[in-house]
Amino acid sequence: LAAEPRPATPGDAASKALAADTPVRALLVPEQETTLAAGMSGRLTELEPRPGERVRKGEIVARFECSEPQARRDMALAELHSARLAHDGKIRLQGLQSASELEVELAAAAVTKAQAQLAVAKAQLGQCRVAAPFSGWVVKWHVKPFQGVNLGAPLIEIVSNQRPRVRLNVPSLWLSWLKTGTRFDIDIEETGKRYAVQLKQINSRVDPVSQTIVVEADLLKDDPELLPGMSGTAVFTRQK
């Protein structure tokens with residue numbers, strides 16, 4: 001009699017999954033990206049550079065109309081000057097025994113309060129200009145020049161000009177052989193070329209629904225034609 005076929009076991013399925021040269025999708029993501037938001041409510045007077053243009057770290061990308069914050073700063077400066085004059089006067093009167101220690105201390109406290117108010121006014125004035133936190137490209141405007149915006153409203157989206165990273169979702173069964181430092185290739189659809197990469201980081205959590213895990217890799221060579229958002233296919237071959 002013919003022997004009955006042995007039922008498949010979970011171990012057999014795992015071995016098959018591990019041995020298969022399964023293609024997975026790869027996505028290029030920027031090393032840094034951010035959306036700059038408004039630190040105050042007001043009207044924009046300037047919004048530069050335009051989407052697609054380069055931006056340098058520290059470059060001003062947005063300005064607000066700030067006559068009111070400037071006036072508050074000037075008022076705080078005047079109040080501080082007045083408080084210092086009053087304090088100096090109390091010290092002189094104390095030397096003539098015409099002012100008490102309490103009066104001098106109160107005048108000193110008024111100076112401290114005026115200094116704090118000036119610091120607040122300067123901080124508010126500093127929100128009138130929005131600077132790029134890193135060098136890169138402007139990819140999107142969320143508002144328009146001369147538009148009124150509210151506090152916290154998104155203004156401008158920036159991605160860094162550093163070499164992009166490669167992000168993939170691979171089967172979690174691959175964790176038995178896929179390690180940091182593993183090298184493989186990716187085929188990018190937009191360029192029609194193949195690029196060598198090296199695994200840099202493995203996420204610390206497996207998606208229980210898809211049974212996949214996110215990994216990230218570094219391109220081994222810099223290529224200016226590679227842009228964040230491009231995608232392609234990576235094919236791993238398990239090391240024997």
# chains A, B, ... in the order shown; residues from 1 in each chain; ligands from 1
$ residues_around --residues "Leu27 of chain A" --least-positions-apart "6" --cutoff "8 Å" --atoms "only C-alpha atoms" --output "PyMOL selection string"
chain A and resi 166-168+228-232
$ write_last_selection --atoms "C-alpha atoms" --output "mmCIF file, in the first residue's frame"
data_model
loop_
_atom_site.group_PDB
_atom_site.id
_atom_site.type_symbol
_atom_site.label_atom_id
_atom_site.label_comp_id
_atom_site.auth_asym_id
_atom_site.auth_seq_id
_atom_site.Cartn_x
_atom_site.Cartn_y
_atom_site.Cartn_z
ATOM 1 C CA VAL A 166 14.864 52.690 2.285
ATOM 2 C CA ARG A 167 11.839 51.401 4.215
ATOM 3 C CA LEU A 168 10.323 47.943 3.738
ATOM 4 C CA PRO A 228 11.889 60.593 -1.347
ATOM 5 C CA GLY A 229 8.652 58.930 -2.387
ATOM 6 C CA MET A 230 10.173 56.777 -5.113
ATOM 7 C CA SER A 231 9.459 53.066 -4.763
ATOM 8 C CA GLY A 232 10.501 49.741 -6.117
#
$ residues_around --residues "segment 198-212 of chain A" --least-positions-apart "3" --cutoff "10 Å" --atoms "only C-alpha atoms" --output "PyMOL selection string"
chain A and resi 165-175+178-185+215-220
$ closest_atom_pairs --of "segment 140-230 of chain A" --to "segment 41-57 of chain A" --cutoff "9 Å" --atoms "only C-alpha atoms" --output "CSV"
residue,atom,partner,partner_atom,distance
A:Lys140,CA,A:Pro51,CA,5.3
A:Trp141,CA,A:Pro51,CA,6.8
A:Val143,CA,A:Leu47,CA,8.7
A:Lys144,CA,A:Leu47,CA,7.4
A:Pro145,CA,A:Leu47,CA,5.6
A:Phe146,CA,A:Leu44,CA,4.6
A:Gln147,CA,A:Leu44,CA,5.6
A:Gly148,CA,A:Arg43,CA,4.1
A:Val149,CA,A:Gly42,CA,5.7
A:Asn150,CA,A:Ser41,CA,4.3
A:Leu151,CA,A:Ser41,CA,4.6
A:Gly152,CA,A:Ser41,CA,8.1
A:Ala153,CA,A:Ser41,CA,8.6
A:Leu155,CA,A:Leu47,CA,8.7
A:Ile156,CA,A:Leu47,CA,8.5
A:Glu157,CA,A:Pro51,CA,8.6
A:Ile158,CA,A:Val55,CA,8.4
A:Asn161,CA,A:Arg54,CA,8.5
$ closest_residue --among "A:Leu80, A:Leu102, A:Ile188, A:Ala37" --to "Ala116 of chain A" --atoms "only C-alpha atoms"
A:Leu80
$ residues_around --residues "segment 74-77 of chain A" --least-positions-apart "6" --cutoff "12 Å" --atoms "only C-alpha atoms" --output "number ranges by chain"
A: 67-68, 83-84, 111-122, 125
$ write_last_selection --atoms "all heavy atoms" --output "compact mmCIF listing (two decimals), in the first residue's frame"
# COMPACT_ATOMS: atom_id res chain seq x y z
N SER A 67 3.74 94.45 13.61
CA SER A 67 3.77 95.77 14.24
C SER A 67 3.29 95.73 15.69
O SER A 67 3.84 96.43 16.56
CB SER A 67 2.90 96.75 13.43
OG SER A 67 1.57 96.27 13.32
N GLU A 68 2.30 94.89 15.99
CA GLU A 68 1.80 94.82 17.37
C GLU A 68 2.82 94.18 18.31
O GLU A 68 3.08 94.74 19.39
CB GLU A 68 0.48 94.04 17.40
CG GLU A 68 -0.16 93.99 18.79
CD GLU A 68 -1.50 93.28 18.79
OE1 GLU A 68 -2.09 93.12 17.71
OE2 GLU A 68 -1.96 92.90 19.88
N ALA A 83 11.30 101.02 35.68
CA ALA A 83 11.49 100.25 36.91
C ALA A 83 12.92 100.37 37.43
O ALA A 83 13.15 100.45 38.65
CB ALA A 83 11.15 98.79 36.65
N ARG A 84 13.88 100.40 36.53
CA ARG A 84 15.28 100.55 36.96
C ARG A 84 15.53 101.93 37.56
O ARG A 84 16.26 102.07 38.55
CB ARG A 84 16.20 100.30 35.77
CG ARG A 84 16.37 98.83 35.43
CD ARG A 84 17.14 98.63 34.15
NE ARG A 84 17.42 97.21 33.92
CZ ARG A 84 17.87 96.70 32.78
NH1 ARG A 84 18.07 97.52 31.73
NH2 ARG A 84 18.12 95.41 32.67
N VAL A 111 11.68 95.58 38.92
CA VAL A 111 12.65 95.44 37.84
C VAL A 111 12.64 94.01 37.30
O VAL A 111 12.63 93.79 36.08
CB VAL A 111 14.07 95.82 38.33
CG1 VAL A 111 15.11 95.47 37.26
CG2 VAL A 111 14.13 97.30 38.67
N THR A 112 12.62 93.03 38.18
CA THR A 112 12.59 91.63 37.76
C THR A 112 11.34 91.32 36.95
O THR A 112 11.39 90.63 35.93
CB THR A 112 12.65 90.71 39.00
OG1 THR A 112 13.84 90.99 39.74
CG2 THR A 112 12.66 89.25 38.57
N LYS A 113 10.21 91.86 37.40
CA LYS A 113 8.96 91.65 36.66
C LYS A 113 9.03 92.27 35.28
O LYS A 113 8.59 91.67 34.29
CB LYS A 113 7.80 92.24 37.46
CG LYS A 113 6.45 92.08 36.77
CD LYS A 113 5.33 92.70 37.61
CE LYS A 113 3.99 92.57 36.91
NZ LYS A 113 2.89 93.18 37.71
N ALA A 114 9.58 93.48 35.19
CA ALA A 114 9.69 94.16 33.89
C ALA A 114 10.63 93.40 32.96
O ALA A 114 10.40 93.32 31.75
CB ALA A 114 10.17 95.59 34.09
N GLN A 115 11.70 92.80 33.51
CA GLN A 115 12.61 92.00 32.70
C GLN A 115 11.90 90.77 32.14
O GLN A 115 12.11 90.39 30.98
CB GLN A 115 13.82 91.57 33.53
CG GLN A 115 14.78 92.72 33.85
CD GLN A 115 15.88 92.31 34.80
OE1 GLN A 115 15.70 91.41 35.63
NE2 GLN A 115 17.02 92.98 34.72
N ALA A 116 11.07 90.14 32.97
CA ALA A 116 10.32 88.98 32.51
C ALA A 116 9.32 89.36 31.41
O ALA A 116 9.15 88.64 30.42
CB ALA A 116 9.59 88.33 33.68
N GLN A 117 8.67 90.50 31.58
CA GLN A 117 7.72 90.95 30.56
C GLN A 117 8.43 91.26 29.24
O GLN A 117 7.91 90.98 28.16
CB GLN A 117 6.98 92.19 31.06
CG GLN A 117 6.00 91.90 32.20
CD GLN A 117 5.39 93.16 32.79
OE1 GLN A 117 5.97 94.25 32.71
NE2 GLN A 117 4.22 93.02 33.39
N LEU A 118 9.64 91.80 29.33
CA LEU A 118 10.42 92.06 28.12
C LEU A 118 10.81 90.75 27.44
O LEU A 118 10.77 90.65 26.21
CB LEU A 118 11.66 92.87 28.46
CG LEU A 118 12.61 93.17 27.30
CD1 LEU A 118 11.89 93.96 26.21
CD2 LEU A 118 13.84 93.92 27.79
N ALA A 119 11.18 89.74 28.24
CA ALA A 119 11.54 88.44 27.67
C ALA A 119 10.35 87.82 26.93
O ALA A 119 10.51 87.24 25.85
CB ALA A 119 12.03 87.50 28.76
N VAL A 120 9.14 87.96 27.51
CA VAL A 120 7.94 87.44 26.85
C VAL A 120 7.69 88.18 25.54
O VAL A 120 7.38 87.57 24.50
CB VAL A 120 6.72 87.56 27.79
CG1 VAL A 120 5.44 87.24 27.03
CG2 VAL A 120 6.87 86.64 28.98
N ALA A 121 7.85 89.50 25.57
CA ALA A 121 7.62 90.30 24.36
C ALA A 121 8.62 89.93 23.27
O ALA A 121 8.26 89.84 22.09
CB ALA A 121 7.71 91.78 24.70
N LYS A 122 9.88 89.71 23.65
CA LYS A 122 10.88 89.32 22.66
C LYS A 122 10.59 87.93 22.10
O LYS A 122 10.80 87.68 20.90
CB LYS A 122 12.28 89.34 23.29
CG LYS A 122 12.82 90.73 23.54
CD LYS A 122 14.23 90.69 24.10
CE LYS A 122 14.82 92.08 24.25
NZ LYS A 122 16.19 92.05 24.81
N LEU A 125 7.87 88.28 19.62
CA LEU A 125 8.40 88.90 18.40
C LEU A 125 9.21 87.90 17.59
O LEU A 125 9.21 87.94 16.36
CB LEU A 125 9.26 90.11 18.76
CG LEU A 125 9.73 91.00 17.62
CD1 LEU A 125 8.53 91.58 16.87
CD2 LEU A 125 10.62 92.12 18.15
$ select_by_dssp --residues "segment 72-178 of chain A" --states "helix (DSSP H, G or I)" --output "PyMOL selection string"
chain A and resi 72-95+101-126+172-176
$ atom_distance --atom1 "atom CA of Leu85 of chain A" --atom2 "atom CA of Ala71 of chain A"
21.3 Å
$ residues_around --residues "Gly58 of chain A" --least-positions-apart "2" --cutoff "10 Å" --atoms "only C-alpha atoms" --output "PyMOL selection string"
chain A and resi 55-56+60-61+130-135
$ write_last_selection --atoms "C-alpha atoms" --output "tab-separated table (two decimals), in the first residue's frame"
chain	number	residue	atom	x	y	z
A	55	VAL	CA	16.30	75.90	1.37
A	56	ARG	CA	19.28	76.32	3.70
A	60	ILE	CA	13.74	82.43	6.88
A	61	VAL	CA	10.88	80.76	5.02
A	130	VAL	CA	9.95	81.00	10.77
A	131	ALA	CA	13.34	79.49	9.94
A	132	ALA	CA	14.18	76.18	8.26
A	133	PRO	CA	15.52	73.69	10.86
A	134	PHE	CA	17.67	71.88	8.28
A	135	SER	CA	18.79	72.18	4.66
$ atom_distance --atom1 "atom CA of Phe64 of chain A" --atom2 "atom CA of His81 of chain A"
27.9 Å
$ select_by_dssp --residues "segment 77-222 of chain A" --states "strand (DSSP E)" --output "JSON, numbers by chain"
{"A": [129, 130, 131, 136, 137, 138, 139, 140, 141, 148, 149, 154, 155, 156, 157, 158, 159, 160, 165, 166, 167, 168, 169, 170, 171, 183, 184, 185, 186, 187, 188, 193, 194, 195, 196, 197, 198, 199, 200, 201, 202, 212, 213, 214, 215, 216, 217, 218, 219]}
$ atom_distance --atom1 "atom CA of Phe236 of chain A" --atom2 "atom CA of Val29 of chain A"
19.9 Å
$ residues_around --residues "Asp223 of chain A" --least-positions-apart "3" --cutoff "10 Å" --atoms "only C-alpha atoms" --output "list in words"
Arg163, Pro164, Tyr195, Leu219, Leu220, Leu226 and Leu227 of chain A
$ write_last_selection --atoms "N, CA, C and O atoms" --output "PDB file, in the first residue's frame"
ATOM      1  N   ARG A 163      20.906  61.877   1.846  1.00  0.00           N
ATOM      2  CA  ARG A 163      20.594  60.636   1.142  1.00  0.00           C
ATOM      3  C   ARG A 163      19.351  59.991   1.747  1.00  0.00           C
ATOM      4  O   ARG A 163      19.273  59.791   2.960  1.00  0.00           O
ATOM      5  N   PRO A 164      18.330  59.671   0.940  1.00  0.00           N
ATOM      6  CA  PRO A 164      17.119  59.069   1.506  1.00  0.00           C
ATOM      7  C   PRO A 164      17.381  57.667   2.048  1.00  0.00           C
ATOM      8  O   PRO A 164      18.354  57.006   1.684  1.00  0.00           O
ATOM      9  N   TYR A 195      19.998  49.434  -7.163  1.00  0.00           N
ATOM     10  CA  TYR A 195      20.880  50.080  -6.197  1.00  0.00           C
ATOM     11  C   TYR A 195      21.185  49.122  -5.051  1.00  0.00           C
ATOM     12  O   TYR A 195      20.306  48.372  -4.595  1.00  0.00           O
ATOM     13  N   LEU A 219      21.248  53.371   1.540  1.00  0.00           N
ATOM     14  CA  LEU A 219      21.860  53.247   0.223  1.00  0.00           C
ATOM     15  C   LEU A 219      23.373  53.277   0.383  1.00  0.00           C
ATOM     16  O   LEU A 219      23.914  54.091   1.138  1.00  0.00           O
ATOM     17  N   LEU A 220      24.078  52.398  -0.309  1.00  0.00           N
ATOM     18  CA  LEU A 220      25.529  52.331  -0.181  1.00  0.00           C
ATOM     19  C   LEU A 220      26.225  53.438  -0.957  1.00  0.00           C
ATOM     20  O   LEU A 220      27.378  53.766  -0.671  1.00  0.00           O
ATOM     21  N   LEU A 226      17.795  60.019  -6.962  1.00  0.00           N
ATOM     22  CA  LEU A 226      16.873  59.334  -6.057  1.00  0.00           C
ATOM     23  C   LEU A 226      16.200  60.355  -5.150  1.00  0.00           C
ATOM     24  O   LEU A 226      16.860  61.130  -4.464  1.00  0.00           O
ATOM     25  N   LEU A 227      14.871  60.335  -5.156  1.00  0.00           N
ATOM     26  CA  LEU A 227      14.098  61.290  -4.385  1.00  0.00           C
ATOM     27  C   LEU A 227      13.152  60.569  -3.429  1.00  0.00           C
ATOM     28  O   LEU A 227      12.683  59.460  -3.723  1.00  0.00           O
TER      29      LEU A 227
END
